[in-house]
file upload_19.txt (compact mmCIF, C-alpha atoms)
# COMPACT_ATOMS: atom_id res chain seq x y z
CA MET A 28 225.78 223.87 171.40
CA TYR A 29 225.22 222.60 174.94
CA PHE A 30 221.51 223.45 174.82
CA ALA A 31 221.16 221.99 171.30
CA CYS A 32 222.58 218.71 172.65
CA ILE A 33 220.22 218.83 175.66
CA ILE A 34 217.21 219.30 173.34
CA GLY A 35 218.46 216.56 170.98
CA PHE A 36 218.99 214.07 173.82
CA SER A 37 215.62 214.88 175.36
CA LEU A 38 213.81 214.34 172.06
CA LEU A 39 215.67 211.08 171.49
CA ALA A 40 214.82 209.94 175.03
CA LEU A 41 211.16 210.75 174.51
CA VAL A 42 210.98 208.90 171.20
CA LEU A 43 212.78 205.87 172.70
CA GLN A 44 210.31 205.99 175.58
CA THR A 45 207.35 205.76 173.20
CA THR A 46 208.87 203.18 170.83
CA LEU A 47 211.49 200.85 172.30
CA PHE A 48 210.78 201.01 176.04
CA SER A 49 206.98 200.98 175.71
CA LYS A 50 207.38 197.52 174.14
CA ILE A 51 209.43 196.17 177.04
CA PRO A 52 207.55 197.13 180.19
CA ILE A 53 208.53 195.74 183.58
CA ASN A 54 205.47 194.38 185.39
CA GLY A 55 203.31 196.58 183.13
CA ALA A 56 205.26 199.76 183.89
CA LYS A 57 206.95 201.92 181.24
CA PRO A 58 210.00 203.98 182.24
CA ASP A 59 209.99 207.77 182.31
CA LEU A 60 213.27 208.93 180.77
CA ILE A 61 212.09 212.55 180.82
CA LEU A 62 211.84 212.35 184.60
CA ILE A 63 215.48 211.24 184.78
CA ILE A 64 216.54 214.17 182.58
CA VAL A 65 214.52 216.69 184.61
CA SER A 66 215.92 215.25 187.83
CA TYR A 67 219.53 215.44 186.64
CA LEU A 68 219.32 218.92 185.13
CA SER A 69 217.34 220.39 188.04
CA LEU A 70 219.87 219.13 190.59
CA ALA A 71 222.71 220.45 188.48
CA LYS A 72 221.28 223.76 187.27
CA GLY A 73 218.99 225.04 190.00
CA ALA A 74 215.32 225.76 190.62
CA GLU A 75 214.66 228.23 187.80
CA THR A 76 216.20 226.12 185.01
CA GLY A 77 214.69 223.00 186.59
CA SER A 78 211.15 224.33 186.55
CA VAL A 79 211.43 225.72 182.97
CA LEU A 80 212.93 222.46 181.65
CA GLY A 81 210.37 220.46 183.62
CA PHE A 82 207.56 222.44 182.04
CA LEU A 83 208.87 222.19 178.45
CA LEU A 84 209.83 218.51 178.56
CA GLY A 85 206.62 217.63 180.42
CA LEU A 86 204.60 219.43 177.77
CA LEU A 87 206.39 217.48 175.03
CA GLN A 88 205.62 214.26 176.90
CA ASP A 89 201.94 215.25 177.14
CA ILE A 90 201.81 215.72 173.36
CA LEU A 91 202.88 212.10 172.85
CA SER A 92 200.38 210.81 175.37
CA GLY A 93 196.64 210.48 175.82
CA VAL A 94 196.75 212.42 179.11
CA PHE A 95 195.44 215.99 179.21
CA LEU A 96 197.95 218.48 177.85
CA GLY A 97 199.59 220.11 180.86
CA SER A 98 199.47 217.11 183.25
CA ASN A 99 203.13 216.15 182.95
CA ALA A 100 204.08 219.81 182.44
CA LEU A 101 202.56 220.68 185.82
CA ALA A 102 204.02 217.66 187.64
CA LYS A 103 207.52 218.10 186.22
CA THR A 104 207.54 221.88 186.79
CA ILE A 105 206.94 221.26 190.50
CA LEU A 106 209.54 218.47 190.63
CA GLY A 107 212.09 220.59 188.73
CA PHE A 108 211.63 223.48 191.15
CA VAL A 109 211.79 221.40 194.32
CA LEU A 110 214.79 219.40 193.16
CA GLY A 111 216.57 222.54 191.92
CA SER A 112 216.12 224.11 195.35
CA ILE A 113 217.46 221.00 197.09
CA GLY A 114 220.36 220.71 194.64
CA LYS A 115 221.91 223.95 195.93
CA ARG A 116 222.65 222.31 199.27
CA LEU A 117 223.99 218.99 197.99
CA TYR A 118 226.99 217.53 196.22
CA VAL A 119 225.12 216.44 193.13
CA ASN A 120 227.88 214.81 191.07
CA SER A 121 227.39 211.43 192.72
CA LEU A 122 225.64 208.98 190.42
CA LEU A 123 224.27 207.06 193.41
CA LEU A 124 222.63 210.20 194.71
CA GLN A 125 221.09 210.81 191.28
CA ILE A 126 219.70 207.26 191.19
CA PHE A 127 218.31 207.72 194.71
CA PHE A 128 216.56 210.95 193.70
CA VAL A 129 215.12 209.38 190.54
CA PHE A 130 213.76 206.48 192.61
CA ILE A 131 212.04 208.79 195.12
CA LEU A 132 210.94 211.27 192.44
CA THR A 133 209.12 208.54 190.50
CA PHE A 134 206.78 208.02 193.46
CA VAL A 135 206.12 211.76 193.79
CA ASP A 136 205.64 212.21 190.02
CA GLU A 137 203.18 209.31 189.82
CA MET A 138 201.34 210.67 192.86
CA LEU A 139 200.92 214.06 191.15
CA LEU A 140 199.80 212.41 187.89
CA ALA A 141 197.39 210.16 189.81
CA GLY A 142 195.89 213.22 191.49
CA LEU A 143 195.43 214.96 188.15
CA ALA A 144 193.97 211.79 186.60
CA LEU A 145 191.50 211.58 189.46
CA MET A 146 190.41 215.18 188.88
CA LEU A 147 190.31 215.14 185.08
CA LYS A 148 189.54 211.57 183.97
CA SER A 149 186.81 209.08 184.63
CA TYR A 150 188.83 206.97 187.06
CA SER A 151 187.50 205.80 190.40
CA THR A 152 189.64 206.36 193.50
CA GLN A 153 190.04 202.58 193.87
CA ASP A 154 191.26 202.23 190.26
CA ILE A 155 193.75 205.04 190.77
CA LEU A 156 195.06 203.49 193.97
CA ASN A 157 195.34 200.02 192.38
CA GLN A 158 197.17 201.45 189.36
CA TRP A 159 199.54 203.46 191.54
CA ILE A 160 200.39 200.44 193.72
CA ARG A 161 200.77 198.18 190.67
CA ILE A 162 202.83 200.50 188.49
CA THR A 163 204.87 202.87 190.64
CA PRO A 164 207.35 200.52 192.41
CA SER A 165 208.18 198.78 189.10
CA GLU A 166 208.56 202.12 187.32
CA ALA A 167 210.80 203.45 190.10
CA ILE A 168 213.08 200.41 189.74
CA TYR A 169 213.02 200.68 185.91
CA ASN A 170 213.88 204.39 186.05
CA SER A 171 216.68 203.77 188.54
CA MET A 172 218.15 201.05 186.30
CA LEU A 173 218.11 203.33 183.26
CA CYS A 174 219.40 206.36 185.16
CA PRO A 175 223.14 205.80 184.44
CA PHE A 176 222.44 205.32 180.70
CA VAL A 177 220.72 208.71 180.56
CA ILE A 178 223.03 210.66 182.85
CA VAL A 179 226.38 209.51 181.44
CA PRO A 180 225.71 210.98 177.93
CA PHE A 181 224.70 214.27 179.60
CA LYS A 182 227.93 214.31 181.58
CA LEU A 183 229.88 213.63 178.36
CA VAL A 184 228.19 216.61 176.69
CA GLU A 185 229.09 218.80 179.66
CA THR A 186 232.70 217.64 179.54
CA THR A 187 232.88 218.29 175.78
CA PHE A 188 231.05 221.59 175.47
CA GLY A 189 231.23 222.97 179.03
CA SER A 190 228.20 223.57 181.17
CA PRO A 191 226.49 226.83 182.15
CA GLN A 192 226.61 227.30 185.93
CA LYS A 193 223.61 227.49 188.32
CA MET B 28 206.26 244.97 190.91
CA VAL B 29 208.91 244.20 188.26
CA LYS B 30 211.64 244.57 190.88
CA LEU B 31 209.81 242.12 193.11
CA LEU B 32 209.46 239.62 190.25
CA VAL B 33 213.19 239.89 189.45
CA ARG B 34 214.15 239.57 193.10
CA TYR B 35 212.15 236.37 193.49
CA LYS B 36 212.80 235.11 189.95
CA PRO B 37 212.67 231.33 190.61
CA ILE B 38 209.40 231.66 192.56
CA SER B 39 207.81 233.94 189.95
CA THR B 40 208.96 231.57 187.16
CA LEU B 41 207.40 228.64 189.02
CA PHE B 42 204.20 230.59 189.54
CA GLY B 43 204.02 231.58 185.87
CA LEU B 44 204.60 228.00 184.68
CA LEU B 45 202.01 226.59 187.08
CA VAL B 46 199.46 229.12 185.85
CA ALA B 47 200.33 228.16 182.23
CA SER B 48 199.84 224.47 183.06
CA PHE B 49 196.47 225.11 184.69
CA ILE B 50 195.34 227.19 181.71
CA LEU B 51 196.35 224.35 179.34
CA LEU B 52 194.48 221.81 181.46
CA SER B 53 191.34 223.93 181.71
CA VAL B 54 191.04 224.97 178.04
CA GLN B 55 190.86 221.33 176.97
CA THR B 56 187.40 221.00 178.44
CA LYS B 57 186.18 223.35 175.72
CA ALA B 58 185.29 222.30 172.19
CA PRO B 59 186.88 222.90 169.75
CA ASN B 60 190.05 222.20 171.69
CA PRO B 61 192.39 225.26 171.37
CA THR B 62 195.46 223.12 172.14
CA ALA B 63 194.88 220.88 169.10
CA LEU B 64 197.01 223.22 166.95
CA LEU B 65 199.93 223.00 169.38
CA GLU B 66 199.71 219.20 169.37
CA LYS B 67 199.48 219.16 165.58
CA TYR B 68 202.72 221.13 165.06
CA ALA B 69 204.58 219.21 167.76
CA LEU B 70 203.60 215.93 166.07
CA VAL B 71 204.91 217.32 162.74
CA GLY B 72 208.26 218.01 164.41
CA ILE B 73 208.63 214.70 166.19
CA TYR B 74 207.22 212.46 163.42
CA PRO B 75 210.47 211.91 161.40
CA LEU B 76 212.44 210.83 164.49
CA GLN B 77 209.60 208.60 165.67
CA LEU B 78 209.29 206.97 162.25
CA ALA B 79 213.06 206.45 161.89
CA ILE B 80 213.38 204.71 165.26
CA SER B 81 210.23 202.67 164.69
CA GLN B 82 211.55 201.48 161.29
CA ALA B 83 215.00 200.73 162.71
CA MET B 84 213.37 198.60 165.44
CA ASP B 85 211.31 196.74 162.82
CA LYS B 86 214.48 195.98 160.80
CA ILE B 87 216.33 194.69 163.86
CA HIS B 88 213.31 192.54 164.71
CA LEU B 89 213.23 191.20 161.13
CA VAL B 90 216.93 190.29 161.17
CA TRP B 91 216.42 188.56 164.51
CA LYS B 92 213.47 186.57 163.22
CA LYS B 93 214.99 185.66 159.83
CA TYR B 94 218.59 184.87 160.67
CA ILE B 95 219.03 184.36 164.37
CA TYR B 96 215.84 182.90 165.79
CA LEU B 97 215.79 179.68 163.75
CA VAL B 98 215.59 177.05 166.44
CA ASN B 99 213.00 174.24 166.38
CA LEU B 100 212.26 174.94 162.70
CA GLU B 101 211.38 171.39 161.72
CA GLU B 102 208.96 170.96 164.59
CA GLU B 103 207.37 174.30 163.71
CA ASN B 104 207.00 173.28 160.05
CA ALA B 105 205.09 170.13 161.02
CA ARG B 106 202.86 172.14 163.32
CA LEU B 107 202.21 174.71 160.59
CA ARG B 108 201.33 172.00 158.02
CA GLU B 109 198.77 170.61 160.43
CA GLN B 110 197.46 174.11 161.01
CA VAL B 111 197.09 174.69 157.24
CA ARG B 112 195.02 171.51 156.97
CA ILE B 113 192.71 172.67 159.78
CA LEU B 114 192.47 176.17 158.36
CA GLN B 115 191.53 174.87 154.90
CA ARG B 116 188.69 172.90 156.41
CA GLU B 117 187.58 175.92 158.43
CA LYS B 118 187.82 178.12 155.32
CA ASN B 119 185.31 175.94 153.51
CA GLU B 120 182.93 176.27 156.42
CA TYR B 121 183.40 180.03 156.41
CA VAL B 122 182.69 180.27 152.68
CA GLU B 123 179.42 178.45 153.27
CA ASN B 124 178.59 180.75 156.17
CA ALA B 125 179.53 183.83 154.15
CA LEU B 126 177.16 182.79 151.36
CA ALA B 127 174.38 182.30 153.89
CA TYR B 128 175.20 185.65 155.45
CA GLU B 129 175.03 187.42 152.09
CA ARG B 130 171.60 185.99 151.50
CA LEU B 131 170.35 187.01 154.95
CA LYS B 132 171.89 190.46 154.66
CA ASN B 133 170.14 191.17 151.41
CA THR B 134 166.91 189.97 152.89
CA LEU B 135 167.07 191.96 156.08
CA ASN B 136 169.03 194.94 154.70
CA TRP B 137 171.65 194.80 157.47
CA ALA B 138 174.49 197.27 157.61
CA ASP B 139 177.41 195.96 155.65
CA VAL B 140 180.28 196.29 158.07
CA THR B 141 182.85 194.76 155.75
CA SER B 142 182.28 197.41 153.10
CA LEU B 143 183.72 200.11 155.36
CA SER B 144 186.18 202.37 153.62
CA THR B 145 189.42 202.09 155.59
CA ILE B 146 193.00 203.37 155.55
CA LEU B 147 195.80 201.07 156.64
CA ALA B 148 198.20 202.67 159.13
CA ARG B 149 201.28 201.50 160.99
CA VAL B 150 201.72 201.97 164.74
CA ILE B 151 204.87 204.05 165.24
CA GLY B 152 204.64 204.94 168.91
CA ARG B 153 202.87 204.29 172.17
CA ASP B 154 201.79 206.39 175.11
CA SER B 155 204.62 208.08 177.01
CA THR B 156 202.97 207.68 180.42
CA ASN B 157 201.36 204.95 182.52
CA TRP B 158 198.17 206.99 183.02
CA ALA B 159 196.66 206.96 179.53
CA SER B 160 196.34 204.54 176.62
CA SER B 161 197.14 205.98 173.24
CA ILE B 162 199.18 205.11 170.16
CA LEU B 163 200.72 207.14 167.35
CA ILE B 164 200.04 206.03 163.75
CA ASP B 165 201.87 207.00 160.56
CA LYS B 166 198.87 208.46 158.70
CA GLY B 167 197.42 211.94 159.11
CA SER B 168 195.41 214.67 157.42
CA ASN B 169 197.43 214.18 154.18
CA HIS B 170 195.72 210.76 154.00
CA ASN B 171 192.23 212.18 154.70
CA ILE B 172 192.29 211.26 158.36
CA GLU B 173 190.30 213.50 160.70
CA PRO B 174 189.75 213.54 164.46
CA ASN B 175 187.02 211.21 165.83
CA LEU B 176 187.35 208.42 163.26
CA ALA B 177 187.06 204.81 164.40
CA VAL B 178 190.27 202.76 164.42
CA ILE B 179 189.92 198.98 164.11
CA THR B 180 191.78 195.76 163.33
CA HIS B 181 190.40 192.45 162.06
CA GLU B 182 189.98 191.53 165.75
CA GLY B 183 187.73 194.46 166.58
CA ILE B 184 187.68 198.04 167.87
CA VAL B 185 191.01 199.65 168.77
CA GLY B 186 189.95 203.25 169.54
CA TYR B 187 189.44 206.54 167.75
CA THR B 188 191.62 209.33 166.35
CA LEU B 189 192.19 212.05 168.90
CA SER B 190 194.47 214.60 167.22
CA VAL B 191 195.72 214.68 163.66
CA SER B 192 198.82 216.23 162.06
CA PRO B 193 199.62 216.06 158.31
CA ARG B 194 201.56 212.78 158.50
CA ALA B 195 200.72 211.27 161.90
CA SER B 196 197.75 210.91 164.23
CA LYS B 197 197.24 210.15 167.88
CA VAL B 198 194.70 207.40 168.60
CA LEU B 199 192.99 207.11 171.98
CA LEU B 200 192.69 203.39 172.71
CA ALA B 201 189.44 201.80 173.85
CA THR B 202 191.26 200.81 177.06
CA ASP B 203 191.54 204.46 178.12
CA PRO B 204 188.89 205.52 180.67
CA ASN B 205 188.11 208.55 178.48
CA CYS B 206 186.97 206.29 175.63
CA SER B 207 183.33 205.18 175.73
CA ILE B 208 181.60 203.02 173.11
CA ALA B 209 177.84 202.53 172.76
CA ALA B 210 177.44 198.75 172.74
CA ILE B 211 174.97 195.88 172.54
CA ILE B 212 175.16 192.28 173.62
CA GLN B 213 175.07 190.36 170.32
CA ARG B 214 172.88 187.52 171.57
CA THR B 215 170.32 189.34 173.68
CA ARG B 216 170.45 192.86 172.08
CA ASP B 217 170.69 194.48 175.54
CA GLN B 218 172.30 197.90 175.31
CA GLY B 219 174.94 199.65 177.40
CA VAL B 220 178.13 201.67 177.25
CA VAL B 221 181.59 200.09 177.23
CA GLN B 222 184.30 202.13 178.92
CA GLY B 223 188.05 201.59 179.27
CA GLN B 224 189.66 201.00 182.64
CA LEU B 225 193.16 200.90 184.06
CA THR B 226 192.94 197.09 184.22
CA ASN B 227 193.03 194.66 181.27
CA TYR B 228 189.23 194.66 181.04
CA TYR B 229 186.58 197.09 179.86
CA LYS B 230 183.60 197.90 182.06
CA MET B 231 180.10 197.72 180.57
CA LYS B 232 177.84 200.32 182.15
CA TYR B 233 174.08 200.85 182.14
CA LEU B 234 173.24 197.19 181.49
CA VAL B 235 169.93 196.67 183.30
CA GLN B 236 169.73 194.17 186.17
CA GLY B 237 167.21 191.98 184.35
CA ALA B 238 169.38 191.51 181.24
CA ASP B 239 169.75 187.83 180.33
CA VAL B 240 173.50 187.86 179.79
CA ILE B 241 176.02 185.11 180.43
CA GLU B 242 179.81 184.94 180.50
CA GLY B 243 181.18 184.54 176.99
CA ASP B 244 178.48 186.66 175.29
CA MET B 245 179.92 188.76 172.46
CA VAL B 246 179.68 192.55 172.79
CA ILE B 247 179.52 194.66 169.61
CA SER B 248 179.21 198.35 168.82
CA SER B 249 175.64 199.63 168.52
CA GLY B 250 176.45 202.47 166.10
CA LEU B 251 175.03 205.10 168.47
CA GLY B 252 177.34 208.03 169.18
CA GLY B 253 178.46 208.44 165.60
CA VAL B 254 182.13 207.42 165.90
CA PHE B 255 181.97 203.61 165.68
CA PRO B 256 179.91 201.92 162.97
CA LYS B 257 177.41 199.28 164.07
CA GLY B 258 178.51 195.67 164.38
CA LEU B 259 182.20 195.98 165.22
CA VAL B 260 183.44 193.51 167.82
CA ILE B 261 184.42 195.02 171.18
CA GLY B 262 184.99 191.87 173.22
CA LYS B 263 183.22 189.21 175.23
CA ILE B 264 181.78 189.14 178.73
CA ALA B 265 184.39 187.90 181.16
CA ARG B 266 182.68 188.47 184.52
CA ILE B 267 179.20 189.42 185.71
CA ASN B 268 179.09 190.82 189.23
CA LYS B 269 175.43 190.77 190.18
CA LYS B 270 174.79 193.35 192.87
CA SER B 271 171.73 193.08 195.09
CA ASP B 272 171.23 196.84 195.02
CA GLY B 273 171.26 199.29 192.11
CA LEU B 274 169.64 199.39 188.70
CA PHE B 275 172.50 198.10 186.58
CA LEU B 276 174.74 195.05 186.33
CA ASP B 277 178.48 195.33 186.89
CA VAL B 278 180.01 193.60 183.86
CA ASP B 279 183.68 193.18 182.88
CA ILE B 280 184.43 192.75 179.18
CA GLU B 281 187.55 191.03 177.84
CA PRO B 282 188.82 193.05 174.82
CA SER B 283 188.88 191.22 171.49
CA VAL B 284 192.03 193.10 170.47
CA ASN B 285 195.46 192.28 171.88
CA PHE B 286 196.65 195.84 172.48
CA SER B 287 200.19 194.84 173.40
CA LYS B 288 200.73 193.38 169.92
CA LEU B 289 199.24 196.14 167.78
CA GLU B 290 201.34 196.78 164.68
CA GLU B 291 198.90 197.77 161.93
CA VAL B 292 195.44 199.25 162.26
CA PHE B 293 192.64 200.42 159.95
CA VAL B 294 191.16 203.89 160.22
CA VAL B 295 187.50 203.85 159.17
CA LYS B 296 186.99 206.74 156.75
CA ASN B 297 183.23 206.80 156.46
CA LYS B 298 180.71 205.67 158.99

call {"tool": "encode", "arguments": {"input": "upload_19.txt", "output": "structure tokens"}}
result
Amino acid sequence: MYFACIIGFSLLALVLQTTLFSKIPINGAKPDLILIIVSYLSLAKGAETGSVLGFLLGLLQDILSGVFLGSNALAKTILGFVLGSIGKRLYVNSLLLQIFFVFILTFVDEMLLAGLALMLKSYSTQDILNQWIRITPSEAIYNSMLCPFVIVPFKLVETTFGSPQK
Amino acid sequence: MVKLLVRYKPISTLFGLLVASFILLSVQTKAPNPTALLEKYALVGIYPLQLAISQAMDKIHLVWKKYIYLVNLEEENARLREQVRILQREKNEYVENALAYERLKNTLNWADVTSLSTILARVIGRDSTNWASSILIDKGSNHNIEPNLAVITHEGIVGYTLSVSPRASKVLLATDPNCSIAAIIQRTRDQGVVQGQLTNYYKMKYLVQGADVIEGDMVISSGLGGVFPKGLVIGKIARINKKSDGLFLDVDIEPSVNFSKLEEVFVVKNK
């Protein structure tokens, strides 16, 4: 039941990301709700679960995007693994800490995606740099603002159905 | 070997997933794209949820517009009446122009752009990242839509269909750097290629230095390349950066379509 809820929430987050939130960008930047989910679950569940979830949710995000299939999967696998490894050494129940990680992670995620875009698409280095500078700070703020609204339902699910340990 | 993999399970999982990601990224350079099937089935799964949320948002928007947002109605009515008067006058001019156009078209045997066979589709989703420009529409292979069909609005070119599932399709917008359109300047007939950028403008490439173009010139599709029919509006020249070196001009094109307000589009069935 716990995993069914996780999948349901993730799908809902992804659809909201491509419908509602894509219509209300902040300074041209759309939020990345999948990043918030990967961040939360990786910190809570460890490196292995983090990387698998990062891969699957990233792949789903790629399918609803014009980027090459595998771009987000690759970026979020790496983020899931790194965050899962860090999560072992931290008290991860603090919402402020989660928001902090989402803020920082947005910069890293966009850096990885920018690198892949540079390798795979017809962007110039200058365009990539301009886009990164223009979009990333706004997206990091947007993601941080939405972080509590994504994490609280996950915490409720864990309270209701119990949560598998790391 | 197995013992080693189990012992270092998180690392081996990471390694396996990274290899899978790289394989996915590399196979897409081949044609036909082997990942198209995966995308197709995933779109089938996600379509009902996407459609439901999109429709719910439309309903909320409608209620807002019809019952809540009714301020300054009288002033708006007066403005609209004036607009109707102007539009009626303009319509008469257009009818005259259309008649003249019909005559010229028959004489010169021009391609009849308006007779394109199209399918109306609703936009139900937008790109999930900030690094690509795509939309999801509510028509798919059940409605005779195939990959690589031009997508337009009355304003001009929107993009082309990238992947198609039975009831939904992904459209790569003309603003994406991976979308290129063979184009001509309407006034001078100089040819080039219009490509999307990460900014709000297209870039027109391969326009020779000596081309007699000015800001405001209309840019239309040339019909070369096979995806976009000839004569569709792409945009107008916004900036010409004349470089002292090089063979080509550096030209920025302002898109004719307002991509942030796309709600309905037409998919061109035959070219």

call {"tool": "closest_residue", "arguments": {"input": "upload_19.txt", "among": "A:Val94, A:Ala40, A:Cys32, A:Leu84", "to": "chain B", "atoms": "only C-alpha atoms"}}
result
A:Val94

call {"tool": "interface_residues", "arguments": {"input": "upload_19.txt", "of": "chain A", "to": "chain B", "cutoff": "8 Å", "atoms": "only C-alpha atoms", "output": "PyMOL selection string"}}
result
chain A and resi 38-39+41-47+49-50+56-57+59+74-75+78-79+82+87-98+100-101+104-105+108+140-141+144+148-150+154-155+158+162

call {"tool": "atom_distance", "arguments": {"input": "upload_19.txt", "atom1": "atom CA of A:Leu86", "atom2": "atom CA of A:Ile61"}}
result
10.6 Å

call {"tool": "atom_distance", "arguments": {"input": "upload_19.txt", "atom1": "atom CA of A:Leu139", "atom2": "atom CA of A:Tyr67"}}
result
19.2 Å

call {"tool": "closest_residue", "arguments": {"input": "upload_19.txt", "among": "B:Glu291, B:Glu109, B:Gly237, B:Leu251", "to": "B:Lys270", "atoms": "all atoms listed in the file"}}
result
B:Gly237

call {"tool": "residues_around", "arguments": {"input": "upload_19.txt", "residues": "A:Ile178", "least_positions_apart": "4", "cutoff": "8 Å", "atoms": "all atoms listed in the file", "output": "ChimeraX atom specification"}}
result
/A:63-64,67,174,182

call {"tool": "atom_distance", "arguments": {"input": "upload_19.txt", "atom1": "atom CA of B:Leu31", "atom2": "atom CA of A:Gly107"}}
result
22.1 Å

call {"tool": "residues_around", "arguments": {"input": "upload_19.txt", "residues": "B:Ile261", "least_positions_apart": "3", "cutoff": "10 Å", "atoms": "all atoms listed in the file", "output": "PyMOL selection string"}}
result
chain B and resi 179+182-185+201+208+210-212+221+229+245-248+258+264+280-284

call {"tool": "axis_aligned_box", "arguments": {"input": "upload_19.txt", "around": "stretch 76-93 of chain A", "padding_each_side": "4 Å", "output": "AutoDock Vina command-line options"}}
result
--center_x 206.4 --center_y 218.3 --center_z 179.7 --size_x 27.6 --size_y 23.6 --size_z 21.7

call {"tool": "residues_around", "arguments": {"input": "upload_19.txt", "residues": "B:Lys269", "least_positions_apart": "5", "cutoff": "12 Å", "atoms": "only C-alpha atoms", "output": "VMD selection string"}}
result
chain B and resid 234 to 241 274 to 279

call {"tool": "write_last_selection", "arguments": {"input": "upload_19.txt", "atoms": "C-alpha atoms", "output": "tab-separated table (two decimals), in the frame of the given file"}}
result
chain	number	residue	atom	x	y	z
B	234	LEU	CA	173.24	197.19	181.49
B	235	VAL	CA	169.93	196.67	183.30
B	236	GLN	CA	169.73	194.17	186.17
B	237	GLY	CA	167.21	191.98	184.35
B	238	ALA	CA	169.38	191.51	181.24
B	239	ASP	CA	169.75	187.83	180.33
B	240	VAL	CA	173.50	187.86	179.79
B	241	ILE	CA	176.02	185.11	180.43
B	274	LEU	CA	169.64	199.39	188.70
B	275	PHE	CA	172.50	198.10	186.58
B	276	LEU	CA	174.74	195.05	186.33
B	277	ASP	CA	178.48	195.33	186.89
B	278	VAL	CA	180.01	193.60	183.86
B	279	ASP	CA	183.68	193.18	182.88

call {"tool": "residues_around", "arguments": {"input": "upload_19.txt", "residues": "B:Arg194", "least_positions_apart": "2", "cutoff": "9 Å", "atoms": "all atoms listed in the file", "output": "MDAnalysis selection string"}}
result
chainID B and resid 70:71 74 164:170 191:192 196

call {"tool": "write_last_selection", "arguments": {"input": "upload_19.txt", "atoms": "C-alpha atoms", "output": "PDB file, keeping the file's coordinate frame"}}
result
ATOM      1  CA  LEU B  70     203.600 215.930 166.070  1.00  0.00           C
ATOM      2  CA  VAL B  71     204.910 217.320 162.740  1.00  0.00           C
ATOM      3  CA  TYR B  74     207.220 212.460 163.420  1.00  0.00           C
ATOM      4  CA  ILE B 164     200.040 206.030 163.750  1.00  0.00           C
ATOM      5  CA  ASP B 165     201.870 207.000 160.560  1.00  0.00           C
ATOM      6  CA  LYS B 166     198.870 208.460 158.700  1.00  0.00           C
ATOM      7  CA  GLY B 167     197.420 211.940 159.110  1.00  0.00           C
ATOM      8  CA  SER B 168     195.410 214.670 157.420  1.00  0.00           C
ATOM      9  CA  ASN B 169     197.430 214.180 154.180  1.00  0.00           C
ATOM     10  CA  HIS B 170     195.720 210.760 154.000  1.00  0.00           C
ATOM     11  CA  VAL B 191     195.720 214.680 163.660  1.00  0.00           C
ATOM     12  CA  SER B 192     198.820 216.230 162.060  1.00  0.00           C
ATOM     13  CA  SER B 196     197.750 210.910 164.230  1.00  0.00           C
TER      14      SER B 196
END

call {"tool": "closest_residue", "arguments": {"input": "upload_19.txt", "among": "B:Tyr187, B:Gln110, B:Lys296, B:Asp244", "to": "B:Ile267", "atoms": "all atoms listed in the file"}}
result
B:Asp244

call {"tool": "decode", "arguments": {"input": "upload_19.txt", "residues": "stretch 229-252 of chain B", "atoms": "C-alpha atoms", "output": "compact mmCIF listing (two decimals), in the first residue's frame"}}
result
# COMPACT_ATOMS: atom_id res chain seq x y z
CA TYR B 229 14.30 31.83 -33.27
CA LYS B 230 17.64 32.05 -35.05
CA MET B 231 17.71 32.11 -38.85
CA LYS B 232 20.81 30.36 -40.17
CA TYR B 233 22.47 30.24 -43.57
CA LEU B 234 21.07 33.58 -44.75
CA VAL B 235 23.78 34.96 -47.04
CA GLN B 236 25.52 38.24 -46.14
CA GLY B 237 24.26 39.99 -49.27
CA ALA B 238 20.57 39.25 -48.58
CA ASP B 239 18.46 42.42 -48.77
CA VAL B 240 16.50 41.84 -45.57
CA ILE B 241 15.15 44.39 -43.12
CA GLU B 242 13.64 44.21 -39.64
CA GLY B 243 9.95 43.36 -39.86
CA ASP B 244 10.26 41.09 -42.93
CA MET B 245 7.93 38.09 -42.70
CA VAL B 246 9.54 34.63 -42.64
CA ILE B 247 7.55 31.67 -44.01
CA SER B 248 8.20 27.96 -44.47
CA SER B 249 9.77 27.02 -47.79
CA GLY B 250 8.30 23.50 -47.94
CA LEU B 251 11.74 21.88 -48.16
CA GLY B 252 12.37 19.10 -45.65
